[in-house]
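Note: the block below is query-v3.txt and it holds compact mmCIF, C-alpha atoms and all ligand atoms.
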# COMPACT_ATOMS: atom_id res chain seq x y z
CA MET A 466 19.10 -20.77 -125.70
CA ARG A 467 16.15 -19.84 -123.49
CA ARG A 468 16.18 -17.30 -120.65
CA VAL A 469 13.20 -17.07 -118.32
CA TYR A 470 12.16 -14.35 -115.90
CA ASN A 471 13.34 -15.92 -112.67
CA PHE A 472 11.62 -14.60 -109.54
CA SER A 473 13.62 -16.81 -107.16
CA ALA A 474 14.29 -15.41 -103.68
CA GLY A 475 17.80 -16.85 -103.78
CA PRO A 476 19.97 -18.01 -105.32
CA ALA A 477 18.45 -15.42 -107.61
CA ALA A 478 18.72 -14.11 -111.14
CA LEU A 479 21.96 -12.44 -112.17
CA PRO A 480 22.23 -9.69 -114.79
CA GLN A 481 22.49 -11.32 -118.21
CA ALA A 482 25.30 -8.93 -119.17
CA VAL A 483 27.30 -10.22 -116.20
CA LEU A 484 26.78 -13.85 -117.16
CA GLU A 485 27.80 -13.08 -120.74
CA LYS A 486 30.98 -11.36 -119.58
CA ALA A 487 31.80 -14.31 -117.34
CA GLN A 488 31.11 -16.65 -120.25
CA ALA A 489 33.42 -14.69 -122.56
CA GLU A 490 36.17 -14.77 -119.92
CA MET A 491 35.53 -18.33 -118.77
CA LEU A 492 38.40 -20.16 -120.47
CA ASP A 493 40.97 -17.40 -120.64
CA TRP A 494 40.72 -14.43 -118.28
CA HIS A 495 42.55 -11.39 -119.72
CA ASP A 496 45.25 -13.50 -121.43
CA ALA A 497 46.04 -15.38 -118.22
CA GLY A 498 45.50 -18.60 -120.21
CA MET A 499 43.21 -19.92 -117.49
CA SER A 500 39.82 -19.46 -115.91
CA VAL A 501 39.43 -17.38 -112.76
CA MET A 502 38.33 -20.65 -111.13
CA GLU A 503 41.75 -22.11 -111.75
CA MET A 504 43.82 -19.22 -110.40
CA SER A 505 45.79 -19.09 -107.19
CA HIS A 506 44.09 -16.66 -104.86
CA ARG A 507 47.53 -15.24 -104.08
CA GLY A 508 48.59 -14.72 -107.70
CA LYS A 509 48.72 -11.23 -109.12
CA GLU A 510 45.79 -11.84 -111.48
CA PHE A 511 43.34 -12.82 -108.78
CA MET A 512 44.71 -10.19 -106.39
CA SER A 513 43.84 -7.57 -109.00
CA ILE A 514 40.33 -9.00 -109.44
CA ALA A 515 39.82 -8.99 -105.67
CA ALA A 516 41.11 -5.45 -105.20
CA GLN A 517 39.02 -4.10 -108.07
CA ALA A 518 35.85 -5.74 -106.72
CA GLU A 519 36.42 -4.25 -103.29
CA ALA A 520 37.17 -0.81 -104.72
CA ASP A 521 34.01 -0.94 -106.85
CA LEU A 522 31.85 -2.03 -103.93
CA ARG A 523 33.31 0.76 -101.79
CA GLU A 524 32.53 3.24 -104.55
CA VAL A 525 29.00 1.97 -105.24
CA LEU A 526 27.99 1.88 -101.57
CA ALA A 527 30.11 4.90 -100.56
CA ILE A 528 31.71 2.87 -97.77
CA PRO A 529 33.74 5.13 -95.44
CA ASP A 530 37.46 4.42 -95.06
CA ASN A 531 37.12 3.34 -91.43
CA TYR A 532 35.19 0.23 -92.47
CA LYS A 533 36.69 -3.10 -93.54
CA VAL A 534 35.03 -5.12 -96.27
CA LEU A 535 35.36 -8.90 -95.89
CA PHE A 536 34.69 -11.48 -98.61
CA LEU A 537 33.87 -14.66 -96.67
CA GLN A 538 32.12 -18.02 -96.94
CA GLY A 539 29.51 -19.56 -94.70
CA GLY A 540 26.48 -17.48 -95.67
CA ALA A 541 24.52 -15.02 -93.62
CA SER A 542 23.72 -17.93 -91.31
CA SER A 543 27.35 -18.11 -90.13
CA GLN A 544 27.13 -14.40 -89.34
CA PHE A 545 24.26 -15.17 -86.97
CA ALA A 546 26.98 -16.69 -84.75
CA MET A 547 29.89 -14.47 -85.78
CA VAL A 548 28.00 -11.33 -84.76
CA PRO A 549 27.77 -12.23 -81.05
CA LEU A 550 31.19 -13.92 -81.02
CA ASN A 551 32.86 -10.77 -82.35
CA LEU A 552 30.70 -8.05 -80.87
CA LEU A 553 29.90 -9.08 -77.29
CA ARG A 554 33.32 -7.74 -76.25
CA GLY A 555 32.89 -8.70 -72.61
CA LYS A 556 29.21 -7.77 -72.44
CA SER A 557 26.50 -10.32 -71.74
CA SER A 558 23.49 -9.16 -73.69
CA ALA A 559 22.40 -7.86 -77.07
CA ASP A 560 19.20 -6.26 -78.36
CA TYR A 561 17.33 -7.92 -81.24
CA TYR A 562 14.33 -6.92 -83.32
CA ARG A 563 12.05 -9.89 -84.02
CA THR A 564 10.32 -9.05 -87.29
CA GLY A 565 10.22 -12.27 -89.32
CA SER A 566 11.73 -15.64 -90.15
CA TRP A 567 15.32 -14.50 -90.60
CA SER A 568 15.50 -12.40 -87.45
CA LYS A 569 14.08 -15.41 -85.58
CA LYS A 570 17.00 -17.50 -86.83
CA ALA A 571 19.50 -14.80 -85.89
CA ILE A 572 17.98 -14.66 -82.39
CA ALA A 573 18.08 -18.44 -81.94
CA GLU A 574 21.78 -18.50 -82.78
CA ALA A 575 22.67 -15.49 -80.60
CA LYS A 576 20.97 -17.18 -77.62
CA ARG A 577 23.78 -19.73 -77.66
CA TYR A 578 26.21 -16.95 -76.69
CA CYS A 579 24.38 -14.24 -74.78
CA ASP A 580 21.15 -12.96 -73.28
CA VAL A 581 18.96 -11.82 -76.12
CA ASN A 582 16.75 -8.87 -75.28
CA ILE A 583 13.86 -8.68 -77.77
CA VAL A 584 13.25 -4.96 -78.20
CA ALA A 585 10.33 -5.39 -80.58
CA ASP A 586 8.26 -8.37 -81.69
CA THR A 587 5.87 -7.82 -84.57
CA GLU A 588 4.42 -11.33 -84.71
CA VAL A 589 0.59 -11.28 -84.68
CA ASP A 590 -1.34 -14.56 -85.00
CA GLY A 591 1.79 -16.28 -86.29
CA LYS A 592 2.37 -13.67 -89.00
CA PHE A 593 4.81 -10.82 -89.52
CA THR A 594 3.36 -7.97 -91.55
CA SER A 595 4.86 -4.77 -90.13
CA VAL A 596 7.82 -3.18 -88.37
CA PRO A 597 7.76 -1.00 -85.24
CA GLU A 598 7.08 2.71 -85.67
CA LYS A 599 10.25 4.74 -85.99
CA GLY A 600 11.42 5.86 -82.55
CA SER A 601 9.04 3.54 -80.68
CA VAL A 602 11.70 1.13 -79.43
CA THR A 603 13.69 1.44 -76.21
CA PHE A 604 17.18 -0.02 -76.28
CA ASN A 605 19.25 -1.34 -73.42
CA PRO A 606 22.15 1.13 -73.00
CA ASP A 607 24.35 -1.80 -71.85
CA ALA A 608 23.62 -3.92 -74.90
CA ALA A 609 26.70 -4.97 -76.83
CA TYR A 610 24.86 -4.20 -80.08
CA VAL A 611 21.41 -3.95 -81.66
CA HIS A 612 20.59 -6.43 -84.44
CA TYR A 613 17.85 -6.12 -87.03
CA THR A 614 16.85 -7.47 -90.42
CA PRO A 615 16.14 -4.50 -92.70
CA ASN A 616 14.33 -6.72 -95.20
CA GLU A 617 12.60 -9.93 -94.14
CA THR A 618 12.95 -11.94 -97.34
CA ILE A 619 10.24 -14.49 -96.57
CA GLU A 620 7.51 -12.15 -95.33
CA GLY A 621 8.34 -9.25 -97.67
CA VAL A 622 8.55 -6.76 -94.78
CA GLU A 623 11.10 -3.97 -95.01
CA PHE A 624 12.08 -1.19 -92.60
CA PRO A 625 11.43 2.21 -94.22
CA TYR A 626 14.00 3.76 -91.86
CA ILE A 627 17.30 2.98 -90.12
CA PRO A 628 16.87 2.63 -86.33
CA ASP A 629 18.77 5.18 -84.28
CA THR A 630 20.60 3.25 -81.58
CA GLY A 631 22.80 6.07 -80.31
CA ASP A 632 26.23 4.83 -79.27
CA VAL A 633 25.28 1.15 -79.36
CA PRO A 634 26.51 -0.41 -82.64
CA LEU A 635 23.73 -1.24 -85.09
CA VAL A 636 24.07 -4.58 -86.91
CA ALA A 637 22.07 -5.32 -90.06
CA ASP A 638 21.42 -8.55 -91.93
CA MET A 639 21.10 -6.95 -95.36
CA SER A 640 21.12 -10.19 -97.34
CA SER A 641 18.08 -9.35 -99.44
CA THR A 642 18.24 -5.57 -99.67
CA ILE A 643 21.90 -4.55 -99.92
CA LEU A 644 22.59 -2.60 -103.14
CA SER A 645 18.88 -2.01 -103.77
CA ARG A 646 19.33 1.74 -103.10
CA PRO A 647 21.90 4.15 -101.65
CA MET A 648 22.31 4.03 -97.88
CA ASP A 649 24.41 5.68 -95.21
CA VAL A 650 26.90 3.01 -94.15
CA SER A 651 28.18 5.22 -91.32
CA LYS A 652 24.93 4.57 -89.42
CA PHE A 653 25.94 0.92 -88.97
CA GLY A 654 28.53 -0.91 -86.90
CA VAL A 655 28.25 -4.02 -89.07
CA ILE A 656 26.42 -4.93 -92.27
CA TYR A 657 26.42 -8.49 -93.55
CA ALA A 658 24.83 -10.20 -96.52
CA GLY A 659 24.84 -13.55 -98.26
CA ALA A 660 25.63 -12.84 -101.90
CA GLN A 661 23.01 -15.01 -103.54
CA LYS A 662 20.18 -12.47 -103.47
CA ASN A 663 21.44 -9.14 -104.74
CA ILE A 664 25.22 -9.47 -105.09
CA GLY A 665 26.34 -12.60 -106.94
CA PRO A 666 26.36 -16.38 -106.71
CA ALA A 667 25.86 -18.40 -103.53
CA GLY A 668 29.01 -19.20 -101.56
CA LEU A 669 30.15 -15.63 -100.95
CA THR A 670 29.22 -13.57 -97.90
CA ILE A 671 30.05 -9.90 -97.53
CA VAL A 672 30.72 -8.30 -94.15
CA ILE A 673 31.24 -4.56 -93.78
CA VAL A 674 32.54 -3.81 -90.30
CA ARG A 675 33.66 -0.61 -88.58
CA GLU A 676 37.32 -0.97 -87.68
CA ASP A 677 37.01 -0.07 -84.01
CA LEU A 678 34.71 -3.09 -83.51
CA LEU A 679 37.40 -5.55 -84.55
CA GLY A 680 39.73 -7.51 -82.34
CA ASP A 681 38.05 -8.50 -79.09
CA VAL A 682 36.56 -11.82 -80.03
CA LYS A 683 34.98 -14.14 -77.47
CA GLU A 684 37.44 -16.65 -76.05
CA GLY A 685 37.41 -19.98 -77.83
CA THR A 686 36.11 -18.57 -81.12
CA PRO A 687 37.45 -20.51 -84.11
CA ALA A 688 39.89 -18.49 -86.22
CA MET A 689 37.54 -18.78 -89.19
CA PHE A 690 34.84 -17.02 -87.16
CA ASP A 691 37.06 -14.10 -86.17
CA TRP A 692 36.44 -11.02 -88.34
CA ALA A 693 39.73 -9.44 -87.22
CA ILE A 694 41.73 -12.39 -88.57
CA HIS A 695 39.96 -12.13 -91.93
CA ALA A 696 40.45 -8.35 -91.97
CA LYS A 697 44.15 -8.62 -91.15
CA ASN A 698 44.58 -11.09 -94.01
CA ASP A 699 42.51 -9.18 -96.59
CA SER A 700 39.99 -12.06 -96.59
CA MET A 701 42.77 -14.46 -97.60
CA TYR A 702 43.39 -16.16 -94.27
CA ASN A 703 42.27 -19.27 -96.08
CA THR A 704 41.15 -19.80 -99.67
CA PRO A 705 38.35 -17.34 -100.32
CA PRO A 706 35.40 -18.07 -102.65
CA THR A 707 37.37 -16.80 -105.63
CA TYR A 708 34.87 -17.27 -108.43
CA GLY A 709 32.01 -15.74 -106.43
CA TRP A 710 34.25 -12.80 -105.55
CA TYR A 711 35.03 -12.31 -109.26
CA LEU A 712 31.37 -12.54 -110.28
CA ALA A 713 30.36 -10.10 -107.54
CA GLY A 714 32.99 -7.77 -108.98
CA LEU A 715 31.33 -8.03 -112.40
CA VAL A 716 28.00 -7.18 -110.76
CA PHE A 717 29.53 -4.10 -109.07
CA GLN A 718 30.85 -2.96 -112.48
CA TRP A 719 27.42 -3.55 -113.99
CA LEU A 720 25.88 -1.41 -111.23
CA LYS A 721 28.32 1.40 -112.00
CA GLU A 722 27.48 1.20 -115.72
CA LYS A 723 23.79 1.40 -114.82
CA GLY A 724 24.32 4.66 -112.97
CA GLY A 725 24.94 3.33 -109.48
CA LEU A 726 22.54 2.80 -106.62
CA SER A 727 20.44 5.92 -107.08
CA ALA A 728 19.60 4.78 -110.60
CA MET A 729 18.88 1.26 -109.28
CA ALA A 730 16.68 2.70 -106.52
CA GLU A 731 14.55 4.54 -109.04
CA ILE A 732 14.00 1.38 -111.09
CA ASN A 733 13.47 -0.81 -108.02
CA GLN A 734 10.90 1.56 -106.54
CA ARG A 735 9.03 1.73 -109.85
CA LYS A 736 9.08 -2.08 -110.23
CA ALA A 737 7.77 -2.62 -106.70
CA GLU A 738 5.14 0.11 -106.83
CA LYS A 739 3.60 -1.14 -110.05
CA LEU A 740 3.42 -4.71 -108.77
CA TYR A 741 1.83 -3.67 -105.46
CA ALA A 742 -0.54 -1.36 -107.35
CA ALA A 743 -1.66 -4.28 -109.51
CA ILE A 744 -2.19 -6.45 -106.43
CA ASP A 745 -4.09 -3.72 -104.55
CA ALA A 746 -6.28 -2.92 -107.56
CA SER A 747 -7.61 -6.47 -107.64
CA ASN A 748 -9.89 -8.45 -105.34
CA PHE A 749 -8.27 -11.62 -106.64
CA TYR A 750 -4.73 -10.97 -105.34
CA ALA A 751 -3.72 -9.76 -101.89
CA ASN A 752 -0.58 -8.73 -100.02
CA PRO A 753 -0.88 -8.66 -96.22
CA VAL A 754 2.01 -6.32 -95.44
CA ALA A 755 1.38 -2.82 -94.03
CA PRO A 756 1.81 -0.42 -96.97
CA THR A 757 4.58 1.60 -95.27
CA CYS A 758 6.83 -1.43 -94.87
CA ARG A 759 6.35 -3.37 -98.04
CA SER A 760 9.59 -4.74 -99.44
CA TRP A 761 10.97 -3.44 -102.72
CA MET A 762 12.70 -6.76 -103.24
CA ASN A 763 10.35 -9.58 -102.17
CA VAL A 764 6.66 -9.29 -102.96
CA PRO A 765 4.51 -12.04 -101.47
CA PHE A 766 0.92 -12.32 -102.61
CA THR A 767 -1.95 -14.75 -102.29
CA LEU A 768 -4.75 -15.73 -104.62
CA ALA A 769 -8.31 -15.36 -103.32
CA ASN A 770 -8.75 -19.07 -103.94
CA ALA A 771 -5.68 -21.11 -102.94
CA GLU A 772 -6.96 -24.02 -105.03
CA LEU A 773 -5.87 -22.01 -108.07
CA ASP A 774 -2.24 -21.77 -106.86
CA ALA A 775 -1.05 -24.79 -108.83
CA ALA A 776 -2.71 -23.60 -112.04
CA PHE A 777 -1.26 -20.11 -111.55
CA LEU A 778 2.26 -21.48 -111.18
CA ALA A 779 1.93 -23.87 -114.13
CA GLU A 780 0.55 -21.24 -116.48
CA ALA A 781 3.08 -18.64 -115.31
CA LYS A 782 5.80 -21.09 -116.21
CA GLU A 783 4.37 -21.44 -119.72
CA HIS A 784 4.82 -17.66 -119.95
CA ASN A 785 8.49 -17.97 -118.88
CA LEU A 786 7.71 -16.60 -115.40
CA VAL A 787 9.28 -19.04 -112.93
CA THR A 788 10.03 -19.64 -109.23
CA LEU A 789 6.97 -17.73 -108.03
CA LYS A 790 5.91 -20.20 -105.34
CA GLY A 791 5.81 -18.57 -101.92
CA HIS A 792 7.89 -19.80 -99.00
CA ARG A 793 6.35 -22.87 -97.41
CA SER A 794 5.86 -20.97 -94.14
CA VAL A 795 3.81 -18.20 -95.77
CA GLY A 796 2.14 -19.95 -98.72
CA GLY A 797 0.80 -18.30 -101.87
CA MET A 798 3.26 -16.64 -104.21
CA ARG A 799 6.37 -14.55 -103.87
CA ALA A 800 7.97 -12.51 -106.62
CA SER A 801 11.54 -11.56 -105.78
CA ILE A 802 12.51 -8.60 -107.92
CA TYR A 803 16.12 -7.83 -107.09
CA ASN A 804 18.35 -5.53 -109.16
CA ALA A 805 18.84 -8.18 -111.85
CA MET A 806 15.10 -8.49 -112.55
CA PRO A 807 14.44 -6.19 -115.49
CA GLU A 808 11.39 -3.95 -115.40
CA ALA A 809 10.13 -5.87 -118.44
CA GLY A 810 9.98 -8.98 -116.24
CA VAL A 811 7.73 -7.23 -113.74
CA ASP A 812 5.58 -5.91 -116.59
CA ALA A 813 5.26 -9.45 -117.98
CA LEU A 814 4.27 -10.77 -114.55
CA ILE A 815 1.61 -8.08 -114.11
CA ALA A 816 0.21 -8.73 -117.58
CA PHE A 817 0.02 -12.45 -116.82
CA MET A 818 -1.62 -11.84 -113.43
CA THR A 819 -4.25 -9.59 -114.98
CA ASP A 820 -5.02 -12.14 -117.67
CA PHE A 821 -5.13 -15.05 -115.19
CA GLU A 822 -7.53 -13.10 -113.00
CA LYS A 823 -9.83 -12.38 -115.95
CA ARG A 824 -10.02 -16.04 -116.79
CA ASN A 825 -10.41 -17.32 -113.22
CA ALA A 826 -12.08 -14.67 -111.04
C1 LIG B 1 18.73 -15.76 -97.45
C2 LIG B 1 18.85 -15.04 -96.15
C3 LIG B 1 19.64 -15.54 -95.10
C4 LIG B 1 20.35 -16.87 -95.17
O1 LIG B 1 21.44 -16.77 -95.98
P1 LIG B 1 22.47 -18.00 -96.13
O2 LIG B 1 23.50 -17.35 -97.00
O3 LIG B 1 21.73 -19.11 -96.78
O4 LIG B 1 22.97 -18.36 -94.80
C5 LIG B 1 19.71 -14.80 -93.94
N1 LIG B 1 19.10 -13.62 -93.82
C6 LIG B 1 18.33 -13.10 -94.80
C7 LIG B 1 17.65 -11.78 -94.61
C8 LIG B 1 18.20 -13.80 -96.00
O5 LIG B 1 17.45 -13.28 -97.00

Would you mind writing the file's structure down as structure tokens?
Ligand SMILES: *Cc1c(COP(=O)(O)O)cnc(C)c1O
Amino acid sequence: MRRVYNFSAGPAALPQAVLEKAQAEMLDWHDAGMSVMEMSHRGKEFMSIAAQAEADLREVLAIPDNYKVLFLQGGASSQFAMVPLNLLRGKSSADYYRTGSWSKKAIAEAKRYCDVNIVADTEVDGKFTSVPEKGSVTFNPDAAYVHYTPNETIEGVEFPYIPDTGDVPLVADMSSTILSRPMDVSKFGVIYAGAQKNIGPAGLTIVIVREDLLGDVKEGTPAMFDWAIHAKNDSMYNTPPTYGWYLAGLVFQWLKEKGGLSAMAEINQRKAEKLYAAIDASNFYANPVAPTCRSWMNVPFTLANAELDAAFLAEAKEHNLVTLKGHRSVGGMRASIYNAMPEAGVDALIAFMTDFEKRNA
């Protein structure tokens, strides 16, 4: 068996201990005589898996009791529509930060349902490399909600603060930063995240929604797009993504064993800082993002000579360092270093980068 260091932005690496546990339980989960994949979602075995996963997520993220946690399908991209459908609540406009590729997609979808008021746009010469200064943004007091993308996965730009939107509910697409550190859930109306970055396998989407925001969905909304229906049915209105839910539960247990999110934050910060330090110390590699808003999770970088990109990727692969190619819209490289990327993987990447530079600068 061979395991590489996988720097994929998503679907991304999972903790090896989690995969081994899933492997050990694959054919016969806890004497059920069947795989979790084969279980009825309404049977007592799967119900216990589902409840445990939710309890562990609530514990790890310290989710207050007045929030519902939904385990859905459809990806973060479905939430781009579900957010306005569920949160407009009779209002006609919403505030959006425009800070990168994913917020652009969220905005495009919201425009189908309401007036989108762009409260900040950080695009300069076609690039996104910063976020607005804390406190510099003026919100519309009549907005139904304020939406932002705390971590722009493609550009590697991350907010170093949570915007203060007063009484207007704050909505966050946390797909690529949820669980990377502790955070105060009570500051948000809604948090959503596709699982395939920092939670579990693709196919599961987590929505954390404050209860008072449920139940006034836009007329004509499909039942499957109504958070309140999912909440009322404990995410079992239809067949949920059972295996993804189970694997996410194993990841939550792994996080608890590791010391929870404050322990993860320490490791994640160290991983990111040493990689940025290596990039900044060299004239051969560069990262364009303003130092105060560099992502802990997604680290894009370019080589001084783009003609060396192909050789860099090929040689990295020989060193078991894979999926480092940057997003096609940004170019260069991107190292995604979510919770499951061990510090040794970042060390191996830095050692390879240093050696490659020596040979090619
Ligand atoms: C990956 C990603 C998405 C898209 O997620 P899907 O689950 O593929 O719909 C949306 N937002 C952010 C910030 C992402 O990183």

Check your understanding: Closest to ligand LIG 1 (chain B) among A:Lys739, A:Lys723, A:Lys790, A:Lys662, using only C-alpha atoms and all ligand atoms?
Key -> A:Lys662

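Counting from CA of Thr686 (chain A), the distance to CA of Trp567 (chain A) is 23.2 Å.
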
Taking only C-alpha atoms and all ligand atoms into account, which residues have an atom no farther than 8 Å from ligand LIG 1 (chain B)? I'd like them as a PDB file with C-alpha atoms, in the frame of the given file.
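Final file, pocket_19.pdb:
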ATOM      1  CA  ALA A 474      14.290 -15.410-103.680  1.00  0.00           C
ATOM      2  CA  GLY A 475      17.800 -16.850-103.780  1.00  0.00           C
ATOM      3  CA  GLY A 539      29.510 -19.560 -94.700  1.00  0.00           C
ATOM      4  CA  GLY A 540      26.480 -17.480 -95.670  1.00  0.00           C
ATOM      5  CA  ALA A 541      24.520 -15.020 -93.620  1.00  0.00           C
ATOM      6  CA  SER A 542      23.720 -17.930 -91.310  1.00  0.00           C
ATOM      7  CA  SER A 543      27.350 -18.110 -90.130  1.00  0.00           C
ATOM      8  CA  GLN A 544      27.130 -14.400 -89.340  1.00  0.00           C
ATOM      9  CA  TRP A 567      15.320 -14.500 -90.600  1.00  0.00           C
ATOM     10  CA  SER A 568      15.500 -12.400 -87.450  1.00  0.00           C
ATOM     11  CA  THR A 614      16.850  -7.470 -90.420  1.00  0.00           C
ATOM     12  CA  PRO A 615      16.140  -4.500 -92.700  1.00  0.00           C
ATOM     13  CA  ASN A 616      14.330  -6.720 -95.200  1.00  0.00           C
ATOM     14  CA  GLU A 617      12.600  -9.930 -94.140  1.00  0.00           C
ATOM     15  CA  THR A 618      12.950 -11.940 -97.340  1.00  0.00           C
ATOM     16  CA  ILE A 619      10.240 -14.490 -96.570  1.00  0.00           C
ATOM     17  CA  ASP A 638      21.420  -8.550 -91.930  1.00  0.00           C
ATOM     18  CA  MET A 639      21.100  -6.950 -95.360  1.00  0.00           C
ATOM     19  CA  SER A 640      21.120 -10.190 -97.340  1.00  0.00           C
ATOM     20  CA  SER A 641      18.080  -9.350 -99.440  1.00  0.00           C
ATOM     21  CA  ALA A 658      24.830 -10.200 -96.520  1.00  0.00           C
ATOM     22  CA  GLY A 659      24.840 -13.550 -98.260  1.00  0.00           C
ATOM     23  CA  ALA A 660      25.630 -12.840-101.900  1.00  0.00           C
ATOM     24  CA  GLN A 661      23.010 -15.010-103.540  1.00  0.00           C
ATOM     25  CA  LYS A 662      20.180 -12.470-103.470  1.00  0.00           C
ATOM     26  CA  ALA A 667      25.860 -18.400-103.530  1.00  0.00           C
ATOM     27  CA  GLY A 668      29.010 -19.200-101.560  1.00  0.00           C
ATOM     28  CA  LEU A 669      30.150 -15.630-100.950  1.00  0.00           C
ATOM     29  CA  THR A 670      29.220 -13.570 -97.900  1.00  0.00           C
TER      30      THR A 670
END

Exercise for review: For Met689 (chain A), list every protein, DNA or RNA residue within 10 Å, evaluated using all atoms listed in the file, and leave out those in the same chain fewer than 2 positions away; present the list as a VMD selection string.
Suggested key: chain A and resid 537 to 539 547 686 to 687 691 to 695 702 to 703

**Study point:** Local residues around (23.4, 6.3, -90.2), at most 10 Å away, using all atoms listed in the file, as an MDAnalysis selection string
**Key:** chainID A and resid 626:631 635 648:654

Report as a short mmCIF file (atom, residue, chain, number, x, y, z; two decimals) with C-alpha atoms, in the frame of the given file all protein, DNA and RNA residues lying within 10 Å of Ala575 (chain A), evaluated on all atoms listed in the file, omitting residues in the same chain fewer than 2 positions from it.
data_model
loop_
_atom_site.label_atom_id
_atom_site.label_comp_id
_atom_site.auth_asym_id
_atom_site.auth_seq_id
_atom_site.Cartn_x
_atom_site.Cartn_y
_atom_site.Cartn_z
CA GLN A 544 27.13 -14.40 -89.34
CA PHE A 545 24.26 -15.17 -86.97
CA ALA A 546 26.98 -16.69 -84.75
CA MET A 547 29.89 -14.47 -85.78
CA VAL A 548 28.00 -11.33 -84.76
CA PRO A 549 27.77 -12.23 -81.05
CA LEU A 550 31.19 -13.92 -81.02
CA SER A 558 23.49 -9.16 -73.69
CA ALA A 559 22.40 -7.86 -77.07
CA TYR A 561 17.33 -7.92 -81.24
CA LYS A 569 14.08 -15.41 -85.58
CA LYS A 570 17.00 -17.50 -86.83
CA ALA A 571 19.50 -14.80 -85.89
CA ILE A 572 17.98 -14.66 -82.39
CA ALA A 573 18.08 -18.44 -81.94
CA ARG A 577 23.78 -19.73 -77.66
CA TYR A 578 26.21 -16.95 -76.69
CA CYS A 579 24.38 -14.24 -74.78
CA ASP A 580 21.15 -12.96 -73.28
CA VAL A 581 18.96 -11.82 -76.12
#

Exercise for review: For CA of Leu479 (chain A) and CA of Trp710 (chain A), quote the distance in Å rounded to one decimal.
Suggested key: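 Computing it gives 14.0 Å between the two atoms.
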
Shell around Phe717 (chain A) at 7 Å using only C-alpha atoms, local window under 3 positions removed, as a short mmCIF file (atom, residue, chain, number, x, y, z; two decimals) with C-alpha atoms, in the coordinates of the input:
data_model
loop_
_atom_site.label_atom_id
_atom_site.label_comp_id
_atom_site.auth_asym_id
_atom_site.auth_seq_id
_atom_site.Cartn_x
_atom_site.Cartn_y
_atom_site.Cartn_z
CA ALA A 518 35.85 -5.74 -106.72
CA ASP A 521 34.01 -0.94 -106.85
CA LEU A 522 31.85 -2.03 -103.93
CA ALA A 713 30.36 -10.10 -107.54
CA GLY A 714 32.99 -7.77 -108.98
CA LEU A 720 25.88 -1.41 -111.23
CA LYS A 721 28.32 1.40 -112.00
#

Review point. When distances are computed from all atoms listed in the file, which of A:Glu598, A:Ala775, A:Asn804, A:Lys556 shows the smallest separation from Leu644 (chain A)?
Key: A:Asn804

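Comparing A:Val584, A:Met729, A:Met512, A:Ile643 by their smallest distance to Pro606 (chain A), the closest is A:Val584 (using all atoms listed in the file).
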
Review point. Any idea what the distance is between CA of Asn763 (chain A) and CA of Val811 (chain A)?
Key: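 Spanning CA of Asn763 (chain A) to CA of Val811 (chain A) is a straight-line distance of 12.1 Å.
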
Check your understanding: Between A:Leu678, A:Ile583, A:Val622, A:Leu552, which has the minimum distance to Asn605 (chain A) (counting all atoms listed in the file)?
Key -> A:Ile583

How would region 763-773 of chain A read, as a CSV table (one decimal), in the coordinates of the input, once N, CA and C atoms are built in?
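Result saved to selection00.csv:
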chain,number,residue,atom,x,y,z
A,763,ASN,N,11.1,-8.3,-102.3
A,763,ASN,CA,10.4,-9.6,-102.2
A,763,ASN,C,8.9,-9.3,-102.0
A,764,VAL,N,8.1,-9.7,-103.0
A,764,VAL,CA,6.7,-9.3,-103.0
A,764,VAL,C,5.8,-10.6,-102.8
A,765,PRO,N,5.4,-10.9,-101.6
A,765,PRO,CA,4.5,-12.0,-101.5
A,765,PRO,C,3.1,-11.7,-101.8
A,766,PHE,N,2.3,-12.6,-102.4
A,766,PHE,CA,0.9,-12.3,-102.6
A,766,PHE,C,0.2,-13.6,-102.6
A,767,THR,N,-1.1,-13.6,-102.3
A,767,THR,CA,-2.0,-14.8,-102.3
A,767,THR,C,-3.0,-14.6,-103.3
A,768,LEU,N,-3.6,-15.7,-103.8
A,768,LEU,CA,-4.8,-15.7,-104.6
A,768,LEU,C,-6.0,-15.9,-103.7
A,769,ALA,N,-7.1,-15.3,-104.1
A,769,ALA,CA,-8.3,-15.4,-103.3
A,769,ALA,C,-8.7,-16.8,-103.1
A,770,ASN,N,-8.4,-17.7,-104.1
A,770,ASN,CA,-8.8,-19.1,-103.9
A,770,ASN,C,-7.5,-19.9,-104.1
A,771,ALA,N,-7.0,-20.4,-102.9
A,771,ALA,CA,-5.7,-21.1,-102.9
A,771,ALA,C,-5.7,-22.4,-103.8
A,772,GLU,N,-6.9,-22.8,-104.1
A,772,GLU,CA,-7.0,-24.0,-105.0
A,772,GLU,C,-6.5,-23.7,-106.4
A,773,LEU,N,-6.4,-22.4,-106.7
A,773,LEU,CA,-5.9,-22.0,-108.1
A,773,LEU,C,-4.3,-21.8,-108.1
